[in-house]
$ cat structure23.txt   # compact mmCIF, C-alpha atoms
# COMPACT_ATOMS: atom_id res chain seq x y z
CA MET A 819 -25.54 -17.14 32.59
CA PHE A 820 -27.77 -14.39 31.19
CA ASN A 821 -25.84 -11.58 32.82
CA LEU A 822 -25.49 -8.04 31.53
CA ASP A 823 -24.05 -6.68 34.78
CA PHE A 824 -20.60 -5.21 34.16
CA THR A 825 -19.97 -4.13 37.73
CA GLY A 826 -16.24 -4.48 38.44
CA LYS A 827 -15.35 -4.50 34.73
CA THR A 828 -13.24 -1.86 33.01
CA VAL A 829 -13.82 -0.70 29.44
CA LEU A 830 -11.75 1.46 27.09
CA VAL A 831 -13.75 3.00 24.23
CA THR A 832 -11.94 5.08 21.64
CA GLY A 833 -13.78 7.86 19.85
CA ALA A 834 -16.31 8.28 22.65
CA SER A 835 -17.13 11.99 22.47
CA ARG A 836 -20.11 11.56 20.17
CA GLY A 837 -22.10 9.16 18.00
CA ILE A 838 -21.49 5.44 18.25
CA GLY A 839 -18.61 5.72 20.72
CA ALA A 840 -20.59 7.93 23.10
CA ALA A 841 -23.51 5.48 23.03
CA ILE A 842 -21.18 2.56 23.76
CA ALA A 843 -19.49 4.32 26.67
CA LYS A 844 -22.84 5.37 28.13
CA ALA A 845 -24.25 1.84 27.83
CA PHE A 846 -21.35 0.33 29.73
CA THR A 847 -21.47 2.88 32.57
CA GLU A 848 -25.22 2.31 32.92
CA LEU A 849 -24.47 -1.41 33.27
CA GLY A 850 -21.98 -0.82 36.08
CA ALA A 851 -18.63 -0.70 34.28
CA LYS A 852 -15.82 1.77 34.82
CA VAL A 853 -15.12 3.42 31.44
CA CYS A 854 -12.37 5.42 29.79
CA GLY A 855 -13.36 7.17 26.58
CA THR A 856 -11.12 9.04 24.17
CA ALA A 857 -11.52 12.24 22.21
CA THR A 858 -9.16 14.17 19.97
CA SER A 859 -9.26 17.34 22.10
CA GLU A 860 -9.12 18.35 25.75
CA SER A 861 -12.61 19.83 25.51
CA GLY A 862 -13.93 16.58 24.05
CA ALA A 863 -12.27 14.57 26.80
CA GLN A 864 -13.74 16.86 29.44
CA LYS A 865 -17.20 16.39 27.93
CA ILE A 866 -16.79 12.61 28.22
CA THR A 867 -15.76 12.91 31.88
CA GLU A 868 -18.77 15.10 32.64
CA THR A 869 -21.17 12.81 30.78
CA LEU A 870 -19.98 9.54 32.30
CA GLY A 871 -19.70 10.80 35.87
CA THR A 872 -17.68 9.20 38.65
CA ASN A 873 -17.26 5.88 36.84
CA GLY A 874 -15.87 7.45 33.68
CA LYS A 875 -12.96 9.48 32.43
CA GLY A 876 -12.24 11.22 29.15
CA LEU A 877 -8.73 11.06 27.71
CA VAL A 878 -7.11 12.67 24.69
CA MET A 879 -5.87 10.45 21.86
CA ASN A 880 -4.70 11.33 18.38
CA GLY A 881 -4.97 8.20 16.26
CA LEU A 882 -2.38 9.57 13.83
CA ASP A 883 0.28 9.78 16.54
CA SER A 884 1.64 6.60 18.15
CA ALA A 885 3.09 8.57 21.09
CA SER A 886 -0.37 9.99 21.81
CA ILE A 887 -1.85 6.47 21.76
CA GLU A 888 0.75 5.22 24.23
CA LYS A 889 0.30 8.21 26.55
CA MET A 890 -3.48 7.76 26.57
CA TYR A 891 -3.18 4.05 27.27
CA ALA A 892 -0.84 4.65 30.21
CA GLN A 893 -3.34 7.15 31.66
CA CYS A 894 -6.13 4.64 31.13
CA GLU A 895 -4.27 1.91 33.03
CA GLU A 896 -3.57 4.38 35.82
CA PHE A 897 -7.29 5.18 36.09
CA PHE A 898 -8.29 1.51 36.00
CA GLY A 899 -5.39 0.20 38.07
CA GLY A 900 -4.47 -2.16 35.22
CA ALA A 901 -5.35 -3.18 31.69
CA PRO A 902 -8.98 -2.86 30.57
CA ASP A 903 -11.15 -5.96 30.62
CA ILE A 904 -12.81 -4.81 27.40
CA LEU A 905 -11.27 -2.80 24.56
CA VAL A 906 -13.58 -1.19 22.00
CA ASN A 907 -11.74 0.18 18.96
CA ASN A 908 -14.11 2.76 17.54
CA ALA A 909 -12.23 5.98 16.73
CA GLY A 910 -11.85 6.81 13.07
CA ILE A 911 -11.75 9.46 10.38
CA THR A 912 -12.71 9.67 6.72
CA ARG A 913 -10.95 11.17 3.72
CA ASP A 914 -13.38 10.22 0.95
CA GLY A 915 -12.62 10.71 -2.72
CA LEU A 916 -12.19 8.88 -6.00
CA PHE A 917 -9.05 6.76 -5.99
CA MET A 918 -7.62 8.21 -9.21
CA ARG A 919 -7.54 11.65 -7.58
CA MET A 920 -6.74 10.58 -4.03
CA LYS A 921 -3.75 12.19 -2.36
CA GLU A 922 -1.18 9.88 -0.80
CA SER A 923 -1.74 11.63 2.53
CA ASP A 924 -5.48 10.86 2.36
CA TRP A 925 -4.70 7.17 1.90
CA ASN A 926 -2.01 7.08 4.59
CA ASP A 927 -4.03 9.00 7.20
CA ILE A 928 -6.95 6.58 6.94
CA ILE A 929 -4.77 3.48 7.16
CA THR A 930 -2.86 5.00 10.08
CA CYS A 931 -5.89 6.13 12.09
CA ASP A 932 -8.56 3.57 11.16
CA LEU A 933 -6.35 0.47 11.12
CA ASN A 934 -2.84 0.92 12.50
CA ALA A 935 -3.97 2.85 15.59
CA HIS A 936 -6.38 0.04 16.50
CA VAL A 937 -3.65 -2.55 16.01
CA HIS A 938 -1.21 -0.55 18.16
CA LEU A 939 -3.73 -0.08 20.97
CA THR A 940 -4.77 -3.73 20.87
CA GLN A 941 -1.14 -4.79 21.15
CA LEU A 942 -0.72 -2.60 24.24
CA ALA A 943 -3.73 -4.22 25.93
CA ILE A 944 -3.54 -7.82 24.76
CA ALA A 945 -0.40 -8.91 26.63
CA LYS A 946 -1.94 -8.22 30.03
CA MET A 947 -5.23 -9.75 28.94
CA MET A 948 -3.32 -12.90 28.04
CA ARG A 949 -1.61 -13.02 31.43
CA ARG A 950 -5.01 -12.54 33.05
CA ARG A 951 -6.46 -15.22 30.74
CA SER A 952 -9.54 -13.16 29.96
CA GLY A 953 -10.56 -10.20 27.84
CA ARG A 954 -12.72 -8.86 25.05
CA VAL A 955 -11.53 -6.93 21.99
CA ILE A 956 -14.27 -5.48 19.80
CA SER A 957 -13.55 -3.31 16.78
CA ILE A 958 -16.09 -1.19 14.94
CA ALA A 959 -15.64 -2.09 11.29
CA SER A 960 -18.12 -1.13 8.56
CA ILE A 961 -20.35 -2.60 5.90
CA VAL A 962 -17.96 -1.07 3.33
CA GLY A 963 -15.17 -3.29 4.66
CA GLU A 964 -17.26 -6.21 3.41
CA THR A 965 -18.88 -4.78 0.29
CA GLY A 966 -16.61 -1.92 -0.79
CA ASN A 967 -17.91 1.51 -1.72
CA ALA A 968 -17.04 3.88 -4.54
CA GLY A 969 -15.20 6.92 -3.27
CA GLN A 970 -14.01 5.11 -0.14
CA THR A 971 -11.16 2.87 -1.28
CA ASN A 972 -9.01 4.01 1.65
CA TYR A 973 -11.74 3.64 4.28
CA SER A 974 -12.91 0.30 2.87
CA ALA A 975 -9.35 -1.02 2.85
CA ALA A 976 -8.82 0.00 6.48
CA LYS A 977 -12.07 -1.60 7.63
CA ALA A 978 -11.42 -4.78 5.64
CA GLY A 979 -7.96 -4.89 7.18
CA LEU A 980 -9.49 -4.52 10.63
CA ILE A 981 -11.73 -7.50 9.97
CA GLY A 982 -8.83 -9.66 8.75
CA PHE A 983 -6.69 -8.57 11.70
CA SER A 984 -9.43 -9.44 14.18
CA LYS A 985 -10.11 -12.87 12.69
CA SER A 986 -6.42 -13.75 12.79
CA LEU A 987 -5.87 -12.40 16.31
CA ALA A 988 -8.91 -14.33 17.51
CA LYS A 989 -7.20 -17.58 16.56
CA GLU A 990 -3.98 -16.57 18.33
CA VAL A 991 -5.48 -15.63 21.71
CA ALA A 992 -8.53 -17.88 22.03
CA ALA A 993 -6.68 -20.40 24.20
CA ARG A 994 -6.08 -17.60 26.73
CA GLY A 995 -9.78 -16.92 27.17
CA ILE A 996 -9.85 -13.78 25.01
CA THR A 997 -12.44 -13.17 22.31
CA VAL A 998 -11.88 -10.83 19.36
CA ASN A 999 -14.78 -9.71 17.18
CA CYS A 1000 -15.98 -6.92 14.90
CA VAL A 1001 -19.25 -5.05 14.66
CA ALA A 1002 -19.97 -3.79 11.14
CA PRO A 1003 -22.56 -0.99 11.03
CA GLY A 1004 -24.38 0.01 7.87
CA PHE A 1005 -26.23 3.32 7.51
CA VAL A 1006 -26.28 4.97 10.96
CA ALA A 1007 -28.31 8.03 11.93
CA THR A 1008 -25.83 10.75 12.92
CA ASP A 1009 -25.64 14.54 13.16
CA MET A 1010 -24.67 14.50 9.48
CA THR A 1011 -27.62 12.39 8.32
CA ALA A 1012 -29.98 14.53 10.42
CA ALA A 1013 -29.12 17.42 8.11
CA LEU A 1014 -30.36 15.54 5.04
CA LYS A 1015 -33.58 16.58 3.40
CA PRO A 1016 -36.51 14.18 4.08
CA GLU A 1017 -36.51 12.95 0.47
CA GLN A 1018 -32.75 12.28 0.63
CA LEU A 1019 -33.11 10.34 3.88
CA LYS A 1020 -36.01 8.33 2.44
CA ALA A 1021 -33.94 7.45 -0.63
CA TRP A 1022 -31.26 6.04 1.67
CA THR A 1023 -33.56 4.17 4.03
CA ASP A 1024 -35.66 2.70 1.21
CA THR A 1025 -32.63 0.60 0.26
CA ILE A 1026 -32.57 -0.97 3.75
CA PRO A 1027 -34.85 -3.99 4.29
CA LEU A 1028 -35.79 -2.79 7.80
CA LYS A 1029 -36.61 0.64 6.28
CA ARG A 1030 -34.74 2.73 8.82
CA ALA A 1031 -31.22 3.80 9.64
CA ALA A 1032 -29.49 2.29 12.64
CA THR A 1033 -29.21 4.33 15.81
CA ALA A 1034 -25.98 4.61 17.75
CA GLU A 1035 -27.72 2.58 20.45
CA ASP A 1036 -28.29 -0.27 17.97
CA ILE A 1037 -24.54 -0.52 17.51
CA ALA A 1038 -23.88 -0.17 21.24
CA GLY A 1039 -26.24 -3.08 21.92
CA ALA A 1040 -24.20 -5.38 19.71
CA VAL A 1041 -20.99 -4.32 21.43
CA VAL A 1042 -22.45 -4.91 24.88
CA PHE A 1043 -23.66 -8.35 23.80
CA LEU A 1044 -20.24 -9.36 22.48
CA SER A 1045 -18.66 -8.16 25.73
CA SER A 1046 -21.02 -10.16 27.90
CA ASP A 1047 -21.04 -13.74 29.17
CA LEU A 1048 -23.75 -14.42 26.58
CA ALA A 1049 -21.11 -14.20 23.84
CA SER A 1050 -18.34 -16.16 25.55
CA TYR A 1051 -18.24 -18.69 22.68
CA ILE A 1052 -18.22 -16.13 19.87
CA THR A 1053 -14.84 -15.11 18.50
CA GLY A 1054 -13.39 -14.22 15.11
CA SER A 1055 -16.83 -13.08 13.97
CA VAL A 1056 -18.26 -10.02 12.26
CA ILE A 1057 -21.69 -9.01 13.59
CA ASP A 1058 -23.48 -7.10 10.83
CA VAL A 1059 -25.74 -4.39 12.24
CA ASN A 1060 -27.15 -2.99 9.02
CA GLY A 1061 -30.87 -3.73 8.91
CA GLY A 1062 -30.39 -6.40 6.26
CA LEU A 1063 -28.61 -4.10 3.79
CA TYR A 1064 -25.83 -6.69 3.52
CA CYS A 1065 -26.19 -10.30 4.61
CA GLY A 1066 -22.69 -11.75 4.79
$ encode --input "structure23.txt" --output "structure tokens"
Amino acid sequence: MFNLDFTGKTVLVTGASRGIGAAIAKAFTELGAKVCGTATSESGAQKITETLGTNGKGLVMNGLDSASIEKMYAQCEEFFGGAPDILVNNAGITRDGLFMRMKESDWNDIITCDLNAHVHLTQLAIAKMMRRRSGRVISIASIVGETGNAGQTNYSAAKAGLIGFSKSLAKEVAARGITVNCVAPGFVATDMTAALKPEQLKAWTDTIPLKRAATAEDIAGAVVFLSSDLASYITGSVIDVNGGLYCG
């Protein structure tokens, strides 16, 4: 029962060229899975292929373009020889700003890329998962989808929508052996946060009960758990990986 061996499993991870997505893709390949990861450029996709080795492939996907999503998914199925066993919706962008000054394009781009693209991709994969009567769908949401955040009305709305979508889909497909869950990170150490001054970083981390930012590997661990046999009875849930910053 306590099995973290993903040998023979196939995993599609969007936004896998760096950060959280790269850590997730790497974790799955190390556990034996065959992985497709997406990037927004050919160079990013090539980097994924080189990093993951023979059991991985990088593909280009533009989350703002439905045709690009469909082309990537077809290439993924060709590489796997069928639909992925596990879909990890991670890719996203930000267009932060106060709502009263927010451009319509900044709102629409976030909803399109951070919500609609995940919905579209999930719909492409879910039909074959249902016929197979097994599958895992895991979406990377955010603490701000649960708490809100000033200057991120668009991003918060997209992440809250992703949570609501996942909870509803979980109820629709549970009888077919498919689980649908979200992982909601809080403050994660990234290339951007590494550029902060020590006093700025301390001000952030002092607000977190565990007194440190999450690593990308912390998030990857939650995704791997939800994809495993250990989590076969968990669906429609949001796993908060935020060091206690928000306890939902």
$ residues_around --input "structure23.txt" --residues "Gln893 of chain A" --least-positions-apart "3" --cutoff "10 Å" --atoms "only C-alpha atoms" --output "PDB file with C-alpha atoms, keeping the file's coordinate frame"
ATOM      1  CA  CYS A 854     -12.370   5.420  29.790  1.00  0.00           C
ATOM      2  CA  LYS A 875     -12.960   9.480  32.430  1.00  0.00           C
ATOM      3  CA  LEU A 877      -8.730  11.060  27.710  1.00  0.00           C
ATOM      4  CA  VAL A 878      -7.110  12.670  24.690  1.00  0.00           C
ATOM      5  CA  GLU A 888       0.750   5.220  24.230  1.00  0.00           C
ATOM      6  CA  LYS A 889       0.300   8.210  26.550  1.00  0.00           C
ATOM      7  CA  MET A 890      -3.480   7.760  26.570  1.00  0.00           C
ATOM      8  CA  GLU A 896      -3.570   4.380  35.820  1.00  0.00           C
ATOM      9  CA  PHE A 897      -7.290   5.180  36.090  1.00  0.00           C
ATOM     10  CA  PHE A 898      -8.290   1.510  36.000  1.00  0.00           C
ATOM     11  CA  GLY A 899      -5.390   0.200  38.070  1.00  0.00           C
TER      12      GLY A 899
END
$ residues_around --input "structure23.txt" --residues "segment 954-966 of chain A" --least-positions-apart "5" --cutoff "8 Å" --atoms "all atoms listed in the file" --output "ChimeraX atom specification"
/A:903-908,936,940,971,973-981,984,996-1004,1041,1044-1045,1058,1060,1064,1066
$ residues_around --input "structure23.txt" --residues "Val1006 of chain A" --least-positions-apart "4" --cutoff "10 Å" --atoms "only C-alpha atoms" --output "PyMOL selection string"
chain A and resi 837-838+1010-1011+1030-1037+1059-1060
$ residues_near_point --input "structure23.txt" --point "(-20.1, 15.6, 28.3)" --cutoff "12 Å" --atoms "all atoms listed in the file" --output "MDAnalysis selection string"
chainID A and resid 834:836 840:841 843:844 855:857 860:871 874:876
$ closest_residue --input "structure23.txt" --among "A:Ile944, A:Ala909, A:Ile887, A:Leu987" --to "Ile928 of chain A" --atoms "all atoms listed in the file"
A:Ala909
$ atom_distance --input "structure23.txt" --atom1 "atom CA of Ser986 of chain A" --atom2 "atom CA of Val937 of chain A"
12.0 Å
$ atom_distance --input "structure23.txt" --atom1 "atom CA of Asn967 of chain A" --atom2 "atom CA of Asp883 of chain A"
27.1 Å
$ closest_residue --input "structure23.txt" --among "A:Lys989, A:Lys1015, A:Arg994, A:Arg913" --to "Ser1055 of chain A" --atoms "only C-alpha atoms"
A:Lys989
$ atom_distance --input "structure23.txt" --atom1 "atom CA of Pro1027 of chain A" --atom2 "atom CA of Cys1065 of chain A"
10.7 Å
$ residues_around --input "structure23.txt" --residues "segment 910-912 of chain A" --least-positions-apart "5" --cutoff "9 Å" --atoms "all atoms listed in the file" --output "list in words"
Thr832, Gly833, Gly881, Asp924, Asp927, Ile928, Cys931, Asp932, Leu933, Gln970, Asn972 and Tyr973 of chain A
$ write_last_selection --input "structure23.txt" --atoms "C-alpha atoms" --output "short mmCIF file (atom, residue, chain, number, x, y, z; two decimals), in the coordinates of the input"
data_model
loop_
_atom_site.label_atom_id
_atom_site.label_comp_id
_atom_site.auth_asym_id
_atom_site.auth_seq_id
_atom_site.Cartn_x
_atom_site.Cartn_y
_atom_site.Cartn_z
CA THR A 832 -11.94 5.08 21.64
CA GLY A 833 -13.78 7.86 19.85
CA GLY A 881 -4.97 8.20 16.26
CA ASP A 924 -5.48 10.86 2.36
CA ASP A 927 -4.03 9.00 7.20
CA ILE A 928 -6.95 6.58 6.94
CA CYS A 931 -5.89 6.13 12.09
CA ASP A 932 -8.56 3.57 11.16
CA LEU A 933 -6.35 0.47 11.12
CA GLN A 970 -14.01 5.11 -0.14
CA ASN A 972 -9.01 4.01 1.65
CA TYR A 973 -11.74 3.64 4.28
#
$ closest_residue --input "structure23.txt" --among "A:Gly982, A:Val829, A:Leu882, A:Asp1024" --to "Ser923 of chain A" --atoms "all atoms listed in the file"
A:Leu882
$ decode --input "structure23.txt" --residues "segment 858-976 of chain A" --atoms "C-alpha atoms" --output "PDB file, in the first residue's frame"
ATOM      1  CA  THR A 858       6.525  28.595 -23.401  1.00  0.00           C
ATOM      2  CA  SER A 859       9.535  28.471 -25.751  1.00  0.00           C
ATOM      3  CA  GLU A 860      11.469  25.927 -27.793  1.00  0.00           C
ATOM      4  CA  SER A 861      14.597  26.615 -25.746  1.00  0.00           C
ATOM      5  CA  GLY A 862      12.675  26.017 -22.527  1.00  0.00           C
ATOM      6  CA  ALA A 863      11.248  22.775 -23.879  1.00  0.00           C
ATOM      7  CA  GLN A 864      14.713  21.628 -24.928  1.00  0.00           C
ATOM      8  CA  LYS A 865      16.019  22.363 -21.438  1.00  0.00           C
ATOM      9  CA  ILE A 866      13.281  20.150 -19.968  1.00  0.00           C
ATOM     10  CA  THR A 867      14.166  17.307 -22.344  1.00  0.00           C
ATOM     11  CA  GLU A 868      17.842  17.559 -21.420  1.00  0.00           C
ATOM     12  CA  THR A 869      17.106  17.717 -17.689  1.00  0.00           C
ATOM     13  CA  LEU A 870      14.672  14.808 -17.569  1.00  0.00           C
ATOM     14  CA  GLY A 871      16.655  12.482 -19.809  1.00  0.00           C
ATOM     15  CA  THR A 872      15.300   9.459 -21.660  1.00  0.00           C
ATOM     16  CA  ASN A 873      12.101   9.275 -19.604  1.00  0.00           C
ATOM     17  CA  GLY A 874      11.146  12.888 -20.231  1.00  0.00           C
ATOM     18  CA  LYS A 875      10.247  15.267 -23.005  1.00  0.00           C
ATOM     19  CA  GLY A 876       9.790  19.019 -23.143  1.00  0.00           C
ATOM     20  CA  LEU A 877       6.942  20.451 -25.208  1.00  0.00           C
ATOM     21  CA  VAL A 878       5.926  23.997 -26.083  1.00  0.00           C
ATOM     22  CA  MET A 879       2.590  25.320 -24.809  1.00  0.00           C
ATOM     23  CA  ASN A 880       1.184  28.823 -24.794  1.00  0.00           C
ATOM     24  CA  GLY A 881      -1.561  28.939 -22.185  1.00  0.00           C
ATOM     25  CA  LEU A 882      -3.134  31.947 -23.913  1.00  0.00           C
ATOM     26  CA  ASP A 883      -3.685  29.986 -27.131  1.00  0.00           C
ATOM     27  CA  SER A 884      -6.134  27.064 -27.216  1.00  0.00           C
ATOM     28  CA  ALA A 885      -4.624  25.747 -30.476  1.00  0.00           C
ATOM     29  CA  SER A 886      -1.210  25.592 -28.799  1.00  0.00           C
ATOM     30  CA  ILE A 887      -2.704  23.651 -25.873  1.00  0.00           C
ATOM     31  CA  GLU A 888      -4.302  21.129 -28.219  1.00  0.00           C
ATOM     32  CA  LYS A 889      -1.127  20.706 -30.289  1.00  0.00           C
ATOM     33  CA  MET A 890       0.953  20.128 -27.154  1.00  0.00           C
ATOM     34  CA  TYR A 891      -1.520  17.602 -25.793  1.00  0.00           C
ATOM     35  CA  ALA A 892      -1.509  15.634 -29.056  1.00  0.00           C
ATOM     36  CA  GLN A 893       2.301  15.519 -28.943  1.00  0.00           C
ATOM     37  CA  CYS A 894       2.153  14.395 -25.327  1.00  0.00           C
ATOM     38  CA  GLU A 895      -0.203  11.512 -26.141  1.00  0.00           C
ATOM     39  CA  GLU A 896       2.067  10.516 -29.013  1.00  0.00           C
ATOM     40  CA  PHE A 897       5.059  10.399 -26.652  1.00  0.00           C
ATOM     41  CA  PHE A 898       3.139   8.450 -24.001  1.00  0.00           C
ATOM     42  CA  GLY A 899       1.170   6.258 -26.394  1.00  0.00           C
ATOM     43  CA  GLY A 900      -2.065   7.491 -24.797  1.00  0.00           C
ATOM     44  CA  ALA A 901      -3.494   9.865 -22.229  1.00  0.00           C
ATOM     45  CA  PRO A 902      -1.394  10.668 -19.145  1.00  0.00           C
ATOM     46  CA  ASP A 903      -2.133   8.803 -15.934  1.00  0.00           C
ATOM     47  CA  ILE A 904      -1.470  11.991 -13.975  1.00  0.00           C
ATOM     48  CA  LEU A 905      -2.094  15.578 -15.057  1.00  0.00           C
ATOM     49  CA  VAL A 906      -0.465  18.394 -13.078  1.00  0.00           C
ATOM     50  CA  ASN A 907      -1.798  21.841 -14.000  1.00  0.00           C
ATOM     51  CA  ASN A 908       0.950  24.201 -12.905  1.00  0.00           C
ATOM     52  CA  ALA A 909       1.669  26.745 -15.654  1.00  0.00           C
ATOM     53  CA  GLY A 910       0.671  30.313 -14.933  1.00  0.00           C
ATOM     54  CA  ILE A 911       1.443  33.992 -15.287  1.00  0.00           C
ATOM     55  CA  THR A 912       0.858  37.119 -13.216  1.00  0.00           C
ATOM     56  CA  ARG A 913      -0.322  40.590 -14.145  1.00  0.00           C
ATOM     57  CA  ASP A 914      -0.447  42.218 -10.711  1.00  0.00           C
ATOM     58  CA  GLY A 915      -1.921  45.650 -10.099  1.00  0.00           C
ATOM     59  CA  LEU A 916      -4.639  47.484  -8.233  1.00  0.00           C
ATOM     60  CA  PHE A 917      -8.072  46.631  -9.589  1.00  0.00           C
ATOM     61  CA  MET A 918      -9.155  50.239 -10.155  1.00  0.00           C
ATOM     62  CA  ARG A 919      -6.255  50.679 -12.585  1.00  0.00           C
ATOM     63  CA  MET A 920      -6.202  47.189 -14.056  1.00  0.00           C
ATOM     64  CA  LYS A 921      -6.373  46.883 -17.831  1.00  0.00           C
ATOM     65  CA  GLU A 922      -9.007  44.571 -19.263  1.00  0.00           C
ATOM     66  CA  SER A 923      -6.244  42.632 -21.012  1.00  0.00           C
ATOM     67  CA  ASP A 924      -4.475  42.046 -17.672  1.00  0.00           C
ATOM     68  CA  TRP A 925      -7.657  40.550 -16.246  1.00  0.00           C
ATOM     69  CA  ASN A 926      -8.444  38.459 -19.331  1.00  0.00           C
ATOM     70  CA  ASP A 927      -4.900  37.100 -19.758  1.00  0.00           C
ATOM     71  CA  ILE A 928      -4.807  35.788 -16.191  1.00  0.00           C
ATOM     72  CA  ILE A 929      -8.228  34.152 -16.398  1.00  0.00           C
ATOM     73  CA  THR A 930      -7.326  32.654 -19.782  1.00  0.00           C
ATOM     74  CA  CYS A 931      -3.914  31.288 -18.795  1.00  0.00           C
ATOM     75  CA  ASP A 932      -4.325  30.498 -15.093  1.00  0.00           C
ATOM     76  CA  LEU A 933      -7.856  29.084 -15.218  1.00  0.00           C
ATOM     77  CA  ASN A 934      -9.255  28.453 -18.695  1.00  0.00           C
ATOM     78  CA  ALA A 935      -6.096  26.772 -20.011  1.00  0.00           C
ATOM     79  CA  HIS A 936      -6.170  24.305 -17.095  1.00  0.00           C
ATOM     80  CA  VAL A 937      -9.845  23.594 -17.705  1.00  0.00           C
ATOM     81  CA  HIS A 938      -9.228  23.042 -21.433  1.00  0.00           C
ATOM     82  CA  LEU A 939      -6.301  20.700 -20.829  1.00  0.00           C
ATOM     83  CA  THR A 940      -8.176  18.765 -18.160  1.00  0.00           C
ATOM     84  CA  GLN A 941     -11.092  18.277 -20.533  1.00  0.00           C
ATOM     85  CA  LEU A 942      -8.733  16.863 -23.168  1.00  0.00           C
ATOM     86  CA  ALA A 943      -7.325  14.321 -20.699  1.00  0.00           C
ATOM     87  CA  ILE A 944     -10.337  13.424 -18.582  1.00  0.00           C
ATOM     88  CA  ALA A 945     -12.388  11.536 -21.187  1.00  0.00           C
ATOM     89  CA  LYS A 946      -9.709   8.899 -21.679  1.00  0.00           C
ATOM     90  CA  MET A 947      -9.077   8.732 -17.949  1.00  0.00           C
ATOM     91  CA  MET A 948     -12.764   7.990 -17.489  1.00  0.00           C
ATOM     92  CA  ARG A 949     -12.687   5.208 -20.072  1.00  0.00           C
ATOM     93  CA  ARG A 950      -9.631   3.804 -18.328  1.00  0.00           C
ATOM     94  CA  ARG A 951     -11.393   4.212 -14.956  1.00  0.00           C
ATOM     95  CA  SER A 952      -8.321   5.694 -13.305  1.00  0.00           C
ATOM     96  CA  GLY A 953      -6.422   8.959 -13.178  1.00  0.00           C
ATOM     97  CA  ARG A 954      -5.158  11.844 -11.092  1.00  0.00           C
ATOM     98  CA  VAL A 955      -5.699  15.543 -11.777  1.00  0.00           C
ATOM     99  CA  ILE A 956      -3.773  17.926  -9.539  1.00  0.00           C
ATOM    100  CA  SER A 957      -3.843  21.688  -9.988  1.00  0.00           C
ATOM    101  CA  ILE A 958      -1.459  24.144  -8.381  1.00  0.00           C
ATOM    102  CA  ALA A 959      -3.689  26.794  -6.846  1.00  0.00           C
ATOM    103  CA  SER A 960      -2.452  29.394  -4.341  1.00  0.00           C
ATOM    104  CA  ILE A 961      -3.026  30.672  -0.848  1.00  0.00           C
ATOM    105  CA  VAL A 962      -4.422  33.853  -2.447  1.00  0.00           C
ATOM    106  CA  GLY A 963      -7.219  31.801  -3.999  1.00  0.00           C
ATOM    107  CA  GLU A 964      -8.358  31.133  -0.442  1.00  0.00           C
ATOM    108  CA  THR A 965      -7.488  34.390   1.318  1.00  0.00           C
ATOM    109  CA  GLY A 966      -7.358  37.004  -1.442  1.00  0.00           C
ATOM    110  CA  ASN A 967      -4.528  39.495  -1.802  1.00  0.00           C
ATOM    111  CA  ALA A 968      -4.476  43.198  -2.549  1.00  0.00           C
ATOM    112  CA  GLY A 969      -3.097  43.883  -5.998  1.00  0.00           C
ATOM    113  CA  GLN A 970      -3.941  40.394  -7.231  1.00  0.00           C
ATOM    114  CA  THR A 971      -7.689  40.413  -7.862  1.00  0.00           C
ATOM    115  CA  ASN A 972      -7.197  38.728 -11.237  1.00  0.00           C
ATOM    116  CA  TYR A 973      -4.773  36.071  -9.981  1.00  0.00           C
ATOM    117  CA  SER A 974      -6.832  35.405  -6.846  1.00  0.00           C
ATOM    118  CA  ALA A 975      -9.997  35.030  -8.919  1.00  0.00           C
ATOM    119  CA  ALA A 976      -8.305  32.549 -11.264  1.00  0.00           C
TER     120      ALA A 976
END
